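Below is one structure; the comments refer to it alone.
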Amino acid sequence: MVFTKKVVDEVSGWLRVYDDGSVDRTWTGPPDVKFLAEPFPPSEEFIDGVATRDVVIDAKSGLSLRIYLPEGKADEEPKLPVLLHFHGGGFCISQADWVMYYAFYSRLVRTARAVCVSVFLRRAPEHRLPAACDDSYAALCWLRSIARGDVSETWLQARADLSRVFLIGDSSGGNIVHHVAARVVSEEFSPLTVAGAIPIHGGFVRAERSKSELQLEYESPFLTLAMLDKFLALALPIGSTKDHLITCPMGPQAPPLEGQDLPPFLVPIAQQDLIYDGEMEYVEAMKKAGKEVQVLYSPGLGHCFYLNKIAVDSDPHTAAQTELLIAGISEFIRKH
């Protein structure tokens, strides 16, 4: 007898959940954009000034990460600041080695003169939150072990200034940026220092619909209202709503922002982001709590526009705003 698996949940184009608990993330959307969600192989040879290496940091769990290393320049310090990157995807999709991330973060490290360490996060629904947050925190602890000389990683020992680590994440990775920054206790991480945090288009939302969420013209290939609802339903702990402390760090279920010892934040926001209102509420709550927050505003564009390599390569406005985003992040790093 042949048993056929049945789809019990899905996010159009991105994933299907079957009745046996298995998940298929094969891209089923337009074939011309499929390459953005395919892996870019690592190369320890420099390609356009950047080399990449994949490293397993926990043999037992399989937790791994990708290191982006910019080619050295004769007139710069041998050690560069570090970007610890948490990828987006609604906690359910994406991988640190996808073409869309390589295209942006290889460019960012060249411009910002920084090393990037991007974490391969466990994904929901197989691993619901806080799994991705725990993986991200574990990666920061691994960097601390390198800073203390307890762990060896030749590229980072030679080129990484672990007294200047910046947490950076896209979309749901922005939520992880806040969560990890809030868990850091400075004296426990010495000599590593978290010098700043950069949640790009962070997934800060509430259970109640915001006005921007109802602006359906703000939907984009990277975020629709249906994707937002379904991804978070699959990712949050069973019984939780979007008011959960990870998705709503400015809400009543989260610890008060006033009591959190947070580093300086740069918060990039896109004008036509479906979750613009939640991001702005987060910014205002952080400012009200006395935190150091700078906003980097991108007019006329939607959620995570800079990861759409097709648009970056073909649309002058998207290309220009991506360049300004990279310049703004680079300046923030230089200041801190």
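Labeling convention for the structure tokens: chains A, B, ... as they appear, residues from 1 per chain, ligands from 1 in order of appearance.
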| task | Assign secondary structure with DSSP using the backbone only, and return the residues of stretch 128-176 of chain A in strand (DSSP E) as a ChimeraX atom specification. | result | /A:160-170
Export N, CA, C and O atoms of the chosen residues as a PDB file, in the first residue's frame?
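Written out: again24.pdb:
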ATOM      1  N   ALA A 160      39.941  39.589  12.844  1.00  0.00           N
ATOM      2  CA  ALA A 160      38.746  40.076  13.531  1.00  0.00           C
ATOM      3  C   ALA A 160      39.078  40.823  14.812  1.00  0.00           C
ATOM      4  O   ALA A 160      39.791  40.303  15.681  1.00  0.00           O
ATOM      5  N   ASP A 161      38.559  42.043  14.935  1.00  0.00           N
ATOM      6  CA  ASP A 161      38.655  42.824  16.167  1.00  0.00           C
ATOM      7  C   ASP A 161      37.400  42.545  16.994  1.00  0.00           C
ATOM      8  O   ASP A 161      36.349  43.153  16.778  1.00  0.00           O
ATOM      9  N   LEU A 162      37.506  41.611  17.910  1.00  0.00           N
ATOM     10  CA  LEU A 162      36.343  41.174  18.679  1.00  0.00           C
ATOM     11  C   LEU A 162      35.984  42.130  19.814  1.00  0.00           C
ATOM     12  O   LEU A 162      35.054  41.871  20.570  1.00  0.00           O
ATOM     13  N   SER A 163      36.705  43.245  19.911  1.00  0.00           N
ATOM     14  CA  SER A 163      36.280  44.308  20.824  1.00  0.00           C
ATOM     15  C   SER A 163      35.281  45.243  20.136  1.00  0.00           C
ATOM     16  O   SER A 163      34.781  46.172  20.751  1.00  0.00           O
ATOM     17  N   ARG A 164      34.978  44.948  18.850  1.00  0.00           N
ATOM     18  CA  ARG A 164      34.004  45.750  18.095  1.00  0.00           C
ATOM     19  C   ARG A 164      33.119  44.806  17.278  1.00  0.00           C
ATOM     20  O   ARG A 164      33.280  44.653  16.082  1.00  0.00           O
ATOM     21  N   VAL A 165      32.186  44.166  17.974  1.00  0.00           N
ATOM     22  CA  VAL A 165      31.241  43.252  17.322  1.00  0.00           C
ATOM     23  C   VAL A 165      29.905  43.970  17.169  1.00  0.00           C
ATOM     24  O   VAL A 165      29.389  44.564  18.118  1.00  0.00           O
ATOM     25  N   PHE A 166      29.351  43.912  15.962  1.00  0.00           N
ATOM     26  CA  PHE A 166      28.054  44.520  15.669  1.00  0.00           C
ATOM     27  C   PHE A 166      27.066  43.415  15.316  1.00  0.00           C
ATOM     28  O   PHE A 166      27.348  42.588  14.443  1.00  0.00           O
ATOM     29  N   LEU A 167      25.935  43.400  15.984  1.00  0.00           N
ATOM     30  CA  LEU A 167      24.871  42.449  15.669  1.00  0.00           C
ATOM     31  C   LEU A 167      24.050  43.028  14.527  1.00  0.00           C
ATOM     32  O   LEU A 167      23.627  44.187  14.581  1.00  0.00           O
ATOM     33  N   ILE A 168      23.812  42.246  13.476  1.00  0.00           N
ATOM     34  CA  ILE A 168      23.059  42.731  12.326  1.00  0.00           C
ATOM     35  C   ILE A 168      22.138  41.623  11.834  1.00  0.00           C
ATOM     36  O   ILE A 168      22.510  40.452  11.825  1.00  0.00           O
ATOM     37  N   GLY A 169      20.918  41.991  11.455  1.00  0.00           N
ATOM     38  CA  GLY A 169      19.980  40.982  10.978  1.00  0.00           C
ATOM     39  C   GLY A 169      18.927  41.583  10.082  1.00  0.00           C
ATOM     40  O   GLY A 169      18.580  42.756  10.209  1.00  0.00           O
ATOM     41  N   ASP A 170      18.423  40.754   9.172  1.00  0.00           N
ATOM     42  CA  ASP A 170      17.394  41.177   8.225  1.00  0.00           C
ATOM     43  C   ASP A 170      16.033  40.649   8.668  1.00  0.00           C
ATOM     44  O   ASP A 170      15.901  39.472   8.983  1.00  0.00           O
TER      45      ASP A 170
END
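Surrounding stretch 114-127 of chain A within 7 Å are Leu63, Ser64, Leu65, Arg66, Ile67, Tyr68, Leu69, Pro70, Leu80, Pro81, Val82, Leu83, Leu84, His85, Phe86, Phe91, Cys92, Ile93, Gln95, Ala96, Val109, Ala131, Ala132, Asp135, Ser136, Ala160, Leu234 and Ala235 of chain A, with only C-alpha atoms counted and residues fewer than 4 positions along the same chain left out.
The smallest atom-to-atom distance between A:Arg206 and any of A:Arg25, A:Arg113, A:His244, A:Lys288, using only C-alpha atoms, is found for A:His244.
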| task | Excluding stretch 290-299 of chain A and any residue of its chain fewer than 3 positions from it, enumerate the residues within 10 Å of it, using only C-alpha atoms, and give them as a ChimeraX atom specification. | result | /A:196-198,200,257-258,260-273,280,283-287,302,305,317-318,320-322,324-325,328-329,332
| request: Would you kindly return, as a PyMOL selection string, each protein, DNA or RNA residue with an atom no farther than 10 Å from any atom of A:Ala226, considering only C-alpha atoms and excluding same-chain residues fewer than 4 positions away? | output: chain A and resi 11-12+219+230-231
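Relative to atom CA of A:Gly173, atom CA of A:Asp229 is found at 16.5 Å.
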| task | Please identify all polymer residues within 8 Å of A:Met250, counting only C-alpha atoms, omitting same-chain residues fewer than 2 positions from it, and present them as an MDAnalysis selection string. | result | chainID A and resid 245 248 252 254 256:257 281:282 285:286
| said: Could you pull out the alpha helix (DSSP H) residues of stretch 103-286 of chain A, going by DSSP on the backbone, and write them as a PyMOL selection string? | reply: chain A and resi 103-112+131-147+154-159+172-183+186-189+225-235+276-286
| said: Just want the 8 Å neighbourhood of A:Trp142, counted on only C-alpha atoms, with same-chain residues fewer than 3 positions away dropped. Output as a ChimeraX atom specification. | reply: /A:57,138-139,145-146,151
| note | Using only C-alpha atoms, the residue out of A:Ala289, A:Ser106, A:Glu76, A:Ser190 with shortest distance to A:Gly259 is A:Ala289
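Taking atom CA of A:Thr241 and atom CA of A:Gly88 as endpoints, the distance between them is 19.1 Å.
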| message | What's the separation between atom CA of A:Asp315 and atom CA of A:Gly90, in Å to one decimal place? | response |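 Result for atom CA of A:Asp315 versus atom CA of A:Gly90: 25.8 Å, one decimal.
Closest approach to A:Asp243 among A:Val8, A:Val99, A:Ile176, A:Val205: A:Val205, based on only C-alpha atoms.
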| query | Of the residues A:Pro78, A:Val180, A:Thr52, A:Ala327, which is the one nearest to A:Leu108, using only C-alpha atoms? | reply |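 Between A:Pro78, A:Val180, A:Thr52, A:Ala327, the residue approaching A:Leu108 most closely is A:Ala327.
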| Among the residues A:Leu228, A:Gly72, A:Leu36, A:Gly62, the one that comes closest to A:Gly49 [using only C-alpha atoms] |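 Comparing A:Leu228, A:Gly72, A:Leu36, A:Gly62 against A:Gly49, the winner is A:Gly72.
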| Hey, what's within 9 Å of A:Ile246 if we count only C-alpha atoms and toss same-chain stuff fewer than 4 positions away? As a ChimeraX atom specification, please? | /A:129-130,133,175-176,178-179,204,236,242,254
Take the residues from that selection and put them in a file with all heavy atoms, as a PDB file, in the first residue's frame.
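Below you can see result-v5.pdb, which holds the result:
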ATOM      1  N   LEU A 129      10.626  28.970  17.827  1.00  0.00           N
ATOM      2  CA  LEU A 129      11.318  29.907  18.712  1.00  0.00           C
ATOM      3  C   LEU A 129      11.247  29.430  20.154  1.00  0.00           C
ATOM      4  O   LEU A 129      10.231  28.839  20.550  1.00  0.00           O
ATOM      5  CB  LEU A 129      10.687  31.299  18.580  1.00  0.00           C
ATOM      6  CG  LEU A 129      10.928  31.985  17.226  1.00  0.00           C
ATOM      7  CD1 LEU A 129      10.064  33.232  17.108  1.00  0.00           C
ATOM      8  CD2 LEU A 129      12.396  32.337  17.040  1.00  0.00           C
ATOM      9  N   PRO A 130      12.296  29.640  20.934  1.00  0.00           N
ATOM     10  CA  PRO A 130      13.440  30.523  20.679  1.00  0.00           C
ATOM     11  C   PRO A 130      14.659  29.860  20.037  1.00  0.00           C
ATOM     12  O   PRO A 130      15.785  30.335  20.215  1.00  0.00           O
ATOM     13  CB  PRO A 130      13.792  31.005  22.085  1.00  0.00           C
ATOM     14  CG  PRO A 130      13.509  29.804  22.958  1.00  0.00           C
ATOM     15  CD  PRO A 130      12.283  29.164  22.342  1.00  0.00           C
ATOM     16  N   CYS A 133      17.006  32.110  18.131  1.00  0.00           N
ATOM     17  CA  CYS A 133      17.649  33.057  19.051  1.00  0.00           C
ATOM     18  C   CYS A 133      18.755  32.366  19.841  1.00  0.00           C
ATOM     19  O   CYS A 133      19.832  32.937  20.062  1.00  0.00           O
ATOM     20  CB  CYS A 133      16.617  33.651  20.004  1.00  0.00           C
ATOM     21  SG  CYS A 133      15.364  34.670  19.199  1.00  0.00           S
ATOM     22  N   ASN A 175      14.705  40.937  14.769  1.00  0.00           N
ATOM     23  CA  ASN A 175      14.172  40.572  16.084  1.00  0.00           C
ATOM     24  C   ASN A 175      15.242  39.855  16.905  1.00  0.00           C
ATOM     25  O   ASN A 175      15.380  40.091  18.111  1.00  0.00           O
ATOM     26  CB  ASN A 175      12.961  39.654  15.927  1.00  0.00           C
ATOM     27  CG  ASN A 175      11.822  40.296  15.177  1.00  0.00           C
ATOM     28  OD1 ASN A 175      11.914  40.492  13.975  1.00  0.00           O
ATOM     29  ND2 ASN A 175      10.751  40.617  15.862  1.00  0.00           N
ATOM     30  N   ILE A 176      15.999  38.993  16.241  1.00  0.00           N
ATOM     31  CA  ILE A 176      17.058  38.260  16.924  1.00  0.00           C
ATOM     32  C   ILE A 176      18.146  39.219  17.400  1.00  0.00           C
ATOM     33  O   ILE A 176      18.709  39.050  18.494  1.00  0.00           O
ATOM     34  CB  ILE A 176      17.636  37.163  16.013  1.00  0.00           C
ATOM     35  CG1 ILE A 176      16.547  36.150  15.652  1.00  0.00           C
ATOM     36  CG2 ILE A 176      18.806  36.464  16.689  1.00  0.00           C
ATOM     37  CD1 ILE A 176      16.972  35.113  14.631  1.00  0.00           C
ATOM     38  N   HIS A 178      17.780  42.251  18.502  1.00  0.00           N
ATOM     39  CA  HIS A 178      17.359  42.831  19.783  1.00  0.00           C
ATOM     40  C   HIS A 178      17.448  41.793  20.903  1.00  0.00           C
ATOM     41  O   HIS A 178      17.945  42.091  21.993  1.00  0.00           O
ATOM     42  CB  HIS A 178      15.928  43.368  19.697  1.00  0.00           C
ATOM     43  CG  HIS A 178      15.467  43.955  20.999  1.00  0.00           C
ATOM     44  ND1 HIS A 178      15.608  45.287  21.311  1.00  0.00           N
ATOM     45  CD2 HIS A 178      14.935  43.380  22.114  1.00  0.00           C
ATOM     46  CE1 HIS A 178      15.164  45.505  22.529  1.00  0.00           C
ATOM     47  NE2 HIS A 178      14.749  44.360  23.037  1.00  0.00           N
ATOM     48  N   HIS A 179      16.980  40.584  20.624  1.00  0.00           N
ATOM     49  CA  HIS A 179      16.949  39.548  21.656  1.00  0.00           C
ATOM     50  C   HIS A 179      18.351  39.225  22.155  1.00  0.00           C
ATOM     51  O   HIS A 179      18.578  39.115  23.369  1.00  0.00           O
ATOM     52  CB  HIS A 179      16.286  38.294  21.091  1.00  0.00           C
ATOM     53  CG  HIS A 179      16.180  37.165  22.066  1.00  0.00           C
ATOM     54  ND1 HIS A 179      15.194  37.102  23.027  1.00  0.00           N
ATOM     55  CD2 HIS A 179      16.945  36.062  22.242  1.00  0.00           C
ATOM     56  CE1 HIS A 179      15.349  35.997  23.752  1.00  0.00           C
ATOM     57  NE2 HIS A 179      16.403  35.352  23.293  1.00  0.00           N
ATOM     58  N   PHE A 204       9.112  43.695  13.813  1.00  0.00           N
ATOM     59  CA  PHE A 204       8.479  44.125  15.059  1.00  0.00           C
ATOM     60  C   PHE A 204       6.995  44.355  14.801  1.00  0.00           C
ATOM     61  O   PHE A 204       6.608  45.268  14.066  1.00  0.00           O
ATOM     62  CB  PHE A 204       9.158  45.389  15.583  1.00  0.00           C
ATOM     63  CG  PHE A 204      10.650  45.236  15.761  1.00  0.00           C
ATOM     64  CD1 PHE A 204      11.541  46.058  15.097  1.00  0.00           C
ATOM     65  CD2 PHE A 204      11.158  44.250  16.585  1.00  0.00           C
ATOM     66  CE1 PHE A 204      12.905  45.917  15.249  1.00  0.00           C
ATOM     67  CE2 PHE A 204      12.526  44.079  16.749  1.00  0.00           C
ATOM     68  CZ  PHE A 204      13.410  44.917  16.078  1.00  0.00           C
ATOM     69  N   LEU A 236       6.300  30.877  16.193  1.00  0.00           N
ATOM     70  CA  LEU A 236       6.148  31.213  17.607  1.00  0.00           C
ATOM     71  C   LEU A 236       5.789  29.976  18.428  1.00  0.00           C
ATOM     72  O   LEU A 236       5.217  29.019  17.901  1.00  0.00           O
ATOM     73  CB  LEU A 236       5.064  32.281  17.778  1.00  0.00           C
ATOM     74  CG  LEU A 236       5.467  33.690  17.332  1.00  0.00           C
ATOM     75  CD1 LEU A 236       4.241  34.581  17.176  1.00  0.00           C
ATOM     76  CD2 LEU A 236       6.455  34.302  18.325  1.00  0.00           C
ATOM     77  N   LYS A 242       1.455  37.229  18.140  1.00  0.00           N
ATOM     78  CA  LYS A 242       2.520  38.147  17.723  1.00  0.00           C
ATOM     79  C   LYS A 242       2.932  39.108  18.830  1.00  0.00           C
ATOM     80  O   LYS A 242       3.931  39.813  18.686  1.00  0.00           O
ATOM     81  CB  LYS A 242       2.081  38.944  16.496  1.00  0.00           C
ATOM     82  CG  LYS A 242       1.877  38.111  15.259  1.00  0.00           C
ATOM     83  CD  LYS A 242       1.320  38.998  14.146  1.00  0.00           C
ATOM     84  CE  LYS A 242       0.814  38.163  13.003  1.00  0.00           C
ATOM     85  NZ  LYS A 242       0.039  38.976  12.042  1.00  0.00           N
ATOM     86  N   ALA A 254       7.122  41.671  27.003  1.00  0.00           N
ATOM     87  CA  ALA A 254       8.584  41.747  26.994  1.00  0.00           C
ATOM     88  C   ALA A 254       9.085  42.483  28.226  1.00  0.00           C
ATOM     89  O   ALA A 254       8.367  43.299  28.809  1.00  0.00           O
ATOM     90  CB  ALA A 254       9.048  42.470  25.734  1.00  0.00           C
TER      91      ALA A 254
END
| query | Pick from A:Trp27, A:Tyr18, A:Tyr102, A:Tyr137: nearest to A:Pro42, with only C-alpha atoms counted? | reply |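 Among the listed residues, the smallest separation from A:Pro42 belongs to A:Tyr102.
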